[in-house]
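The data block below is run-v2.cif; it holds mmCIF, C-alpha atoms.
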data_upload
loop_
_atom_site.label_atom_id
_atom_site.label_comp_id
_atom_site.auth_asym_id
_atom_site.auth_seq_id
_atom_site.Cartn_x
_atom_site.Cartn_y
_atom_site.Cartn_z
CA MET A 1 186.97 65.66 70.05
CA GLN A 2 184.81 64.34 67.20
CA ILE A 3 182.19 67.01 67.91
CA LYS A 4 184.85 69.75 67.78
CA LYS A 5 186.18 68.40 64.48
CA GLN A 6 182.69 68.36 62.99
CA SER A 7 182.15 71.92 64.19
CA ARG A 8 185.42 73.06 62.58
CA ASP A 9 184.48 71.29 59.36
CA SER A 10 181.07 73.01 59.33
CA VAL A 11 182.67 76.44 59.80
CA THR A 12 185.23 75.70 57.06
CA ASN A 13 182.55 74.49 54.64
CA ALA A 14 180.36 77.53 55.33
CA ALA A 15 183.31 79.86 54.73
CA ARG A 16 184.17 78.05 51.49
CA ARG A 17 180.57 78.29 50.24
CA THR A 18 180.54 82.01 51.04
CA GLN A 19 183.84 82.44 49.16
CA ILE A 20 182.43 80.64 46.12
CA VAL A 21 179.18 82.62 46.15
CA ARG A 22 181.09 85.90 46.38
CA ALA A 23 183.38 84.91 43.51
CA ALA A 24 180.37 83.82 41.44
CA ILE A 25 178.67 87.19 41.99
CA GLU A 26 181.75 89.10 40.85
CA THR A 27 182.22 86.81 37.83
CA ILE A 28 178.59 87.16 36.74
CA VAL A 29 178.71 90.96 37.08
CA GLU A 30 181.93 91.28 35.08
CA LEU A 31 181.53 88.54 32.47
CA GLY A 32 177.79 87.86 32.33
CA TYR A 33 175.87 84.72 33.20
CA ASP A 34 176.93 82.57 30.23
CA LYS A 35 180.67 83.11 30.79
CA ALA A 36 180.43 82.50 34.54
CA THR A 37 181.47 78.86 34.33
CA PHE A 38 182.84 76.83 37.21
CA ALA A 39 186.28 77.28 35.60
CA THR A 40 186.10 81.09 35.60
CA ILE A 41 184.60 81.16 39.08
CA THR A 42 187.37 78.85 40.29
CA GLU A 43 189.96 81.28 38.95
CA ARG A 44 188.21 84.26 40.53
CA ALA A 45 187.95 82.48 43.90
CA GLY A 46 191.58 81.38 43.83
CA LEU A 47 190.65 77.72 44.14
CA SER A 48 192.78 74.87 42.88
CA SER A 49 190.08 73.08 40.88
CA PRO A 50 186.42 73.39 39.77
CA ARG A 51 185.86 70.19 41.73
CA MET A 52 186.01 72.30 44.87
CA ILE A 53 182.88 74.10 43.67
CA SER A 54 181.21 70.83 42.67
CA TYR A 55 181.81 69.55 46.20
CA HIS A 56 179.58 72.31 47.60
CA PHE A 57 177.10 72.85 44.75
CA ALA A 58 175.34 70.25 42.61
CA GLY A 59 175.55 72.45 39.53
CA LYS A 60 175.28 75.99 38.25
CA GLN A 61 171.56 76.19 39.05
CA ASP A 62 172.27 75.17 42.64
CA LEU A 63 174.93 77.87 42.88
CA ILE A 64 172.83 80.69 41.40
CA ARG A 65 169.88 79.76 43.61
CA GLN A 66 172.22 80.16 46.57
CA ILE A 67 173.29 83.59 45.32
CA VAL A 68 169.69 84.76 45.07
CA GLU A 69 168.83 83.27 48.46
CA ASP A 70 171.83 84.92 50.15
CA VAL A 71 171.10 88.34 48.65
CA TYR A 72 167.42 88.21 49.55
CA HIS A 73 168.13 87.02 53.08
CA ALA A 74 170.71 89.78 53.60
CA GLY A 75 168.23 92.34 52.32
CA ALA A 76 165.44 91.03 54.52
CA ALA A 77 167.62 91.14 57.64
CA PHE A 78 168.77 94.70 56.81
CA ILE A 79 165.20 95.89 56.31
CA LEU A 80 163.55 94.06 59.21
CA GLU A 81 166.04 95.43 61.71
CA ARG A 82 164.99 98.96 60.81
CA ILE A 83 161.27 98.21 60.66
CA LYS A 84 161.28 96.62 64.11
CA ALA A 85 162.74 99.78 65.63
CA GLN A 86 159.54 101.69 64.73
CA THR A 87 156.40 101.84 66.87
CA THR A 88 153.84 103.10 64.32
CA ALA A 89 152.64 101.83 60.95
CA SER A 90 153.71 105.11 59.33
CA GLY A 91 157.17 104.75 60.85
CA ARG A 92 157.42 101.16 59.67
CA LEU A 93 156.41 102.08 56.12
CA ARG A 94 158.96 104.89 56.04
CA ALA A 95 161.63 102.54 57.41
CA TYR A 96 160.69 99.90 54.84
CA LEU A 97 161.07 102.33 51.96
CA GLU A 98 164.30 103.90 53.20
CA ALA A 99 165.91 100.56 54.08
CA ASN A 100 165.02 98.93 50.76
CA LEU A 101 166.51 101.79 48.78
CA GLU A 102 169.57 102.03 51.01
CA PHE A 103 170.22 98.30 50.59
CA LEU A 104 170.15 98.78 46.82
CA ARG A 105 172.71 101.57 47.10
CA GLN A 106 175.02 99.60 49.40
CA HIS A 107 174.91 96.37 47.37
CA PRO A 108 174.80 97.36 43.67
CA ARG A 109 176.92 94.44 42.48
CA ASP A 110 174.86 91.88 44.37
CA LEU A 111 171.68 93.26 42.82
CA ALA A 112 173.32 93.40 39.39
CA ALA A 113 174.18 89.70 39.68
CA VAL A 114 170.63 88.81 40.76
CA THR A 115 169.24 90.78 37.80
CA GLU A 116 171.59 88.97 35.41
CA ILE A 117 170.65 85.61 36.94
CA GLY A 118 166.90 86.25 36.81
CA PRO A 119 166.05 84.95 33.29
CA HIS A 120 168.15 81.82 33.86
CA LEU A 121 166.85 80.84 37.28
CA ARG A 122 164.86 77.62 37.55
CA ASP A 123 163.02 76.00 40.44
CA GLN A 124 163.57 72.43 41.60
CA ALA A 125 161.18 71.19 38.91
CA GLY A 126 163.15 73.00 36.21
CA GLU A 127 160.50 75.66 35.65
CA PRO A 128 161.57 79.31 35.22
CA TYR A 129 160.84 81.78 37.98
CA SER A 130 158.81 84.84 37.09
CA SER A 131 159.68 88.33 38.29
CA ALA A 132 156.19 88.61 39.77
CA GLY A 133 156.75 85.37 41.64
CA HIS A 134 160.02 86.72 43.09
CA GLN A 135 158.24 89.84 44.29
CA GLU A 136 155.22 88.10 45.77
CA PRO A 137 156.61 87.54 49.30
CA SER A 138 157.60 91.23 49.48
CA VAL A 139 154.19 92.30 48.17
CA GLN A 140 152.40 90.13 50.72
CA GLY A 141 154.53 91.53 53.54
CA LEU A 142 153.72 95.06 52.42
CA VAL A 143 149.99 94.26 52.26
CA MET A 144 150.15 93.14 55.89
CA LEU A 145 151.95 96.35 56.89
CA LEU A 146 149.42 98.52 55.07
CA GLU A 147 146.45 96.63 56.50
CA GLU A 148 147.90 97.06 59.96
CA GLY A 149 148.03 100.82 59.37
CA GLN A 150 144.42 100.84 58.23
CA ARG A 151 143.27 98.91 61.30
CA ALA A 152 145.17 101.34 63.53
CA GLY A 153 143.46 104.29 61.83
CA GLU A 154 146.79 105.69 60.57
CA PHE A 155 146.11 104.94 56.91
CA GLY A 156 143.12 105.75 54.76
CA ASP A 157 140.88 103.53 52.67
CA PHE A 158 142.65 102.12 49.59
CA ASP A 159 143.36 98.78 47.98
CA THR A 160 146.37 97.51 49.88
CA ARG A 161 147.57 95.08 47.23
CA SER A 162 147.55 97.71 44.50
CA MET A 163 149.47 100.07 46.76
CA ALA A 164 151.97 97.33 47.65
CA VAL A 165 152.61 96.56 43.97
CA MET A 166 153.20 100.26 43.22
CA ILE A 167 155.61 100.59 46.16
CA ARG A 168 157.61 97.58 45.00
CA ALA A 169 157.74 98.96 41.45
CA ALA A 170 159.11 102.29 42.69
CA ILE A 171 161.80 100.52 44.72
CA ASP A 172 162.79 98.10 41.97
CA ALA A 173 163.02 100.93 39.42
CA ALA A 174 165.91 102.45 41.37
CA ALA A 175 168.23 99.43 41.03
CA PRO A 176 169.18 99.74 37.33
CA ARG A 177 169.49 103.52 37.62
CA ILE A 178 172.00 103.25 40.47
CA ARG A 179 174.15 101.09 38.20
CA GLY A 180 173.35 103.01 35.01
CA GLU A 181 175.57 105.38 33.07
CA HIS A 182 173.15 108.30 33.27
CA SER A 183 173.27 110.63 36.24
CA PHE A 184 170.88 109.72 39.03
CA ASP A 185 170.31 111.71 42.20
CA PHE A 186 169.70 108.81 44.58
CA ASP A 187 169.04 110.96 47.65
CA ALA A 188 166.43 113.02 45.82
CA TYR A 189 164.77 109.86 44.50
CA ARG A 190 164.68 108.26 47.93
CA SER A 191 163.22 111.38 49.52
CA THR A 192 160.59 111.69 46.80
CA VAL A 193 159.55 108.04 46.95
CA VAL A 194 159.33 108.00 50.74
CA ASP A 195 157.37 111.24 51.00
CA THR A 196 155.05 110.32 48.12
CA PHE A 197 153.96 106.98 49.53
CA VAL A 198 153.82 108.02 53.19
CA GLN A 199 151.53 110.89 52.21
CA ALA A 200 149.53 108.74 49.80
CA VAL A 201 148.56 106.15 52.41
CA ARG A 202 147.64 108.85 54.89
CA ARG A 203 145.36 110.50 52.34
CA GLY A 204 143.88 107.14 51.48
CA ALA A 205 145.17 107.37 47.91
CA GLN A 206 141.82 108.73 46.80
CA PRO A 207 141.81 110.02 43.20
CA ALA A 208 141.05 113.68 42.77
CA SER A 209 137.54 114.44 41.52
CA VAL A 210 137.21 115.78 38.02
CA GLU A 211 135.07 118.85 37.54
CA ARG A 212 132.68 118.79 34.60
#

Translate the structure described by the file into structure tokens.
Amino acid sequence: MQIKKQSRDSVTNAARRTQIVRAAIETIVELGYDKATFATITERAGLSSPRMISYHFAGKQDLIRQIVEDVYHAGAAFILERIKAQTTASGRLRAYLEANLEFLRQHPRDLAAVTEIGPHLRDQAGEPYSSAGHQEPSVQGLVMLLEEGQRAGEFGDFDTRSMAVMIRAAIDAAAPRIRGEHSFDFDAYRSTVVDTFVQAVRRGAQPASVER
């Protein structure tokens, strides 16, 4: 009986944390980081007291780190599922590009919250995170994918890290435009990005020679 009670408590606590994270995301998107206090998040979540948030999170930094972690984990799961379904390096690169961009389109408010959080995020030592540091795991994963394609003879000869950084920049550039007030043809952008990079790695990304 004690084990069952502990299990129920774990499920309840997990559901409450998810509720708080979701409410925090919506509050940050609508009011901005500074106005997303435990009091405003409590109201958004329909909780009786800010102490219910404090029970689950040590402070605002703890809460926003959880938001970033949840969004990144959800994105990784979404992308990996599609990559694993492919049997070639070219197919995996195409799936990576399409899945990343599709995740941005399906979760604009989550990404907006992460963007708003970014300048305020601190590590356990209190040091600020850099945008490059956030991207590094994704860049390293891309480098591995590109190197795999080179070993298999599918991709040409190019600097894999430079290519990975350019791919990440093209993906990240789409996020603010999806949320922006100016018109943005997402499908055209996705098609262009995917075709550009899939063709570039096949060609080896060699610069065109200049006639003199």

Looking at A:Gln19, A:Ser90, A:Ser49, A:Thr27, which one is nearest to Phe197 in chain A, with distances taken over all atoms listed in the file?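 Counting all atoms listed in the file, the residue closest to Phe197 in chain A is A:Ser90.
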
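CA of Glu98 in chain A is found 29.6 Å from CA of His120 in chain A.
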
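One finds CA of Asp185 in chain A at 22.3 Å from CA of Ala200 in chain A.
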
Could you spell out the hits of the PyMOL selection byres ((chain A and resi 106) around 12) on the shown file, as a ChimeraX atom specification? /A:71,74-75,78,99-105,107-112,175,178-179,186

Would you mind exporting the chosen residues as a PDB file, keeping the file's coordinate frame, restricted to C-alpha atoms?
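New file part.pdb:
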ATOM      1  CA  VAL A  71     171.100  88.340  48.650  1.00  0.00           C
ATOM      2  CA  ALA A  74     170.710  89.780  53.600  1.00  0.00           C
ATOM      3  CA  GLY A  75     168.230  92.340  52.320  1.00  0.00           C
ATOM      4  CA  PHE A  78     168.770  94.700  56.810  1.00  0.00           C
ATOM      5  CA  ALA A  99     165.910 100.560  54.080  1.00  0.00           C
ATOM      6  CA  ASN A 100     165.020  98.930  50.760  1.00  0.00           C
ATOM      7  CA  LEU A 101     166.510 101.790  48.780  1.00  0.00           C
ATOM      8  CA  GLU A 102     169.570 102.030  51.010  1.00  0.00           C
ATOM      9  CA  PHE A 103     170.220  98.300  50.590  1.00  0.00           C
ATOM     10  CA  LEU A 104     170.150  98.780  46.820  1.00  0.00           C
ATOM     11  CA  ARG A 105     172.710 101.570  47.100  1.00  0.00           C
ATOM     12  CA  HIS A 107     174.910  96.370  47.370  1.00  0.00           C
ATOM     13  CA  PRO A 108     174.800  97.360  43.670  1.00  0.00           C
ATOM     14  CA  ARG A 109     176.920  94.440  42.480  1.00  0.00           C
ATOM     15  CA  ASP A 110     174.860  91.880  44.370  1.00  0.00           C
ATOM     16  CA  LEU A 111     171.680  93.260  42.820  1.00  0.00           C
ATOM     17  CA  ALA A 112     173.320  93.400  39.390  1.00  0.00           C
ATOM     18  CA  ALA A 175     168.230  99.430  41.030  1.00  0.00           C
ATOM     19  CA  ILE A 178     172.000 103.250  40.470  1.00  0.00           C
ATOM     20  CA  ARG A 179     174.150 101.090  38.200  1.00  0.00           C
ATOM     21  CA  PHE A 186     169.700 108.810  44.580  1.00  0.00           C
TER      22      PHE A 186
END

Residues returned when the PyMOL selection byres ((chain A and resi 38) around 8) runs on this file, as a list of chain:residue names: A:Ala36, A:Thr37, A:Ala39, A:Thr40, A:Ile41, A:Thr42, A:Pro50, A:Ile53, A:Lys60

Atomic distance CA of Thr12 in chain A - CA of Ala77 in chain A, expressed in Å with one decimal: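 These two atoms are separated by 23.4 Å.
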
Within 7 Å of range 137-147 of chain A, counting all atoms listed in the file, which residues show up once you throw out same-chain ones fewer than 3 positions away? Write them as a PDB file with C-alpha atoms, keeping the file's coordinate frame, please.
ATOM      1  CA  ALA A  89     152.640 101.830  60.950  1.00  0.00           C
ATOM      2  CA  GLN A 150     144.420 100.840  58.230  1.00  0.00           C
ATOM      3  CA  ARG A 151     143.270  98.910  61.300  1.00  0.00           C
ATOM      4  CA  THR A 160     146.370  97.510  49.880  1.00  0.00           C
ATOM      5  CA  ARG A 161     147.570  95.080  47.230  1.00  0.00           C
ATOM      6  CA  ALA A 164     151.970  97.330  47.650  1.00  0.00           C
ATOM      7  CA  VAL A 165     152.610  96.560  43.970  1.00  0.00           C
TER       8      VAL A 165
END

Around range 40-56 of chain A, fit a box with edges along x, y and z, padding it by 4 Å on each side, then list its centre and edge lengths in Å to one decimal as AutoDock Vina command-line options.
--center_x 186.2 --center_y 76.9 --center_z 41.6 --size_x 21.2 --size_y 22.7 --size_z 20.0

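Considering the residues A:Asp187, A:Asp172, A:Glu154, A:Glu26 and counting only C-alpha atoms, Gly91 in chain A has its shortest atom-to-atom contact with A:Glu154.
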